[in-house]
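Participant: The structure is given below, and queries will be raised subsequently.
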Amino acid sequence: MSFLDKIFGGKQEPGETKSFWKTIRSEEDLENAVKQSYENRVAIFKHSTSCFISKTVLKNFEKEIENSDDQNVSFYFLDLLAFRPISNKIAEDFAIRHESPQLIVLENGKAINNASHQDISLSQIV
């Protein structure tokens, strides 16, 4: 990783994914996230791997999660460039305009909150 990548959040290497993330790569993964929302809140982070702002917001949000004691949330991660059809499905299913980065909070199968860009924080979930 180059010096500038370390400062500005270069592309995350495969081994660097935080352990609390469950990835969404298919409609089945999305369905599992929705089902999980009936047991506890689900946070879906839609991330553009080519966007500096998205990388910065992701890093800040991950720090918030790591410093939190609240473990009653399931965190899902969607690489929206690699899985754009799933991102579109989320926007359609929950009637939420697509943005990037974006955090969508689910409870009992419904979107109860969403935020984008610098508005994304753990406070959006609880």
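In the structure tokens, each chain is lettered A, B, ... as it comes, each chain's residues begin at 1, and ligands are numbered from 1 in order of appearance.
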Using DSSP assignments from the backbone, pull out every residue in region 6-125 of chain A that falls under strand (DSSP E) and give it to me as number ranges by chain.

Facilitator: A: 21-23, 41-47, 73-79, 102-107, 110-116

Participant: Include C-alpha atoms and write out the residues we just selected as a CSV table (one decimal), in the first residue's frame.

Facilitator:
```csv
chain,number,residue,atom,x,y,z
A,21,TRP,CA,-19.1,-7.1,8.4
A,22,LYS,CA,-21.3,-9.7,6.6
A,23,THR,CA,-21.1,-9.2,2.9
A,41,ARG,CA,-31.5,-4.2,13.8
A,42,VAL,CA,-29.5,-4.5,10.6
A,43,ALA,CA,-27.3,-1.8,9.1
A,44,ILE,CA,-26.4,-2.1,5.4
A,45,PHE,CA,-23.5,0.1,4.3
A,46,LYS,CA,-23.4,0.7,0.6
A,47,HIS,CA,-19.9,1.5,-0.4
A,73,VAL,CA,-26.8,-4.8,15.4
A,74,SER,CA,-25.9,-6.9,12.4
A,75,PHE,CA,-23.6,-5.0,10.0
A,76,TYR,CA,-23.8,-5.8,6.3
A,77,PHE,CA,-21.5,-4.4,3.6
A,78,LEU,CA,-22.3,-4.0,-0.1
A,79,ASP,CA,-19.7,-3.1,-2.7
A,102,GLN,CA,-25.2,5.1,2.2
A,103,LEU,CA,-26.3,3.5,5.4
A,104,ILE,CA,-29.8,1.8,5.6
A,105,VAL,CA,-31.1,0.6,8.9
A,106,LEU,CA,-33.7,-2.3,8.8
A,107,GLU,CA,-36.0,-3.4,11.5
A,110,LYS,CA,-38.6,-2.4,6.8
A,111,ALA,CA,-36.2,0.5,6.4
A,112,ILE,CA,-36.5,2.7,9.5
A,113,ASN,CA,-33.7,5.1,8.8
A,114,ASN,CA,-31.1,5.9,6.2
A,115,ALA,CA,-28.2,8.4,5.8
A,116,SER,CA,-25.6,9.2,3.3
```

Participant: What lies within 10 Å of region 90-92 of chain A using only C-alpha atoms, ignoring chain neighbours under 2 positions off, as a PyMOL selection string?

Facilitator: chain A and resi 27+30+44+46+84-88+94-99+104+111

Participant: Could you check which of A:Ile120, A:Val126, A:Ala82, A:Ile24 is closest to Thr56 (chain A), using only C-alpha atoms?

Facilitator: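 Of all the options, A:Ile120 lies closest to Thr56 (chain A).
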
Participant: Which residue, A:Gln71, A:Gly109, A:His117, A:Tyr38, has the smallest gap to Lys55 (chain A) when you use only C-alpha atoms?

Facilitator: A:His117

Participant: Have a look at CA of Glu64 (chain A) and CA of Ser26 (chain A) and let me know their distance in Å, one decimal.

Facilitator: 26.9 Å

Participant: Between A:Ser50, A:Ser37, A:Ser121, A:Ser68, which is the closest to Asn108 (chain A) once you count only C-alpha atoms?

Facilitator: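 Counting only C-alpha atoms, the residue closest to Asn108 (chain A) is A:Ser37.
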
Participant: Just list as a count of residues only whatever in chain A DSSP marks as helix (DSSP H, G or I).

Facilitator: 51
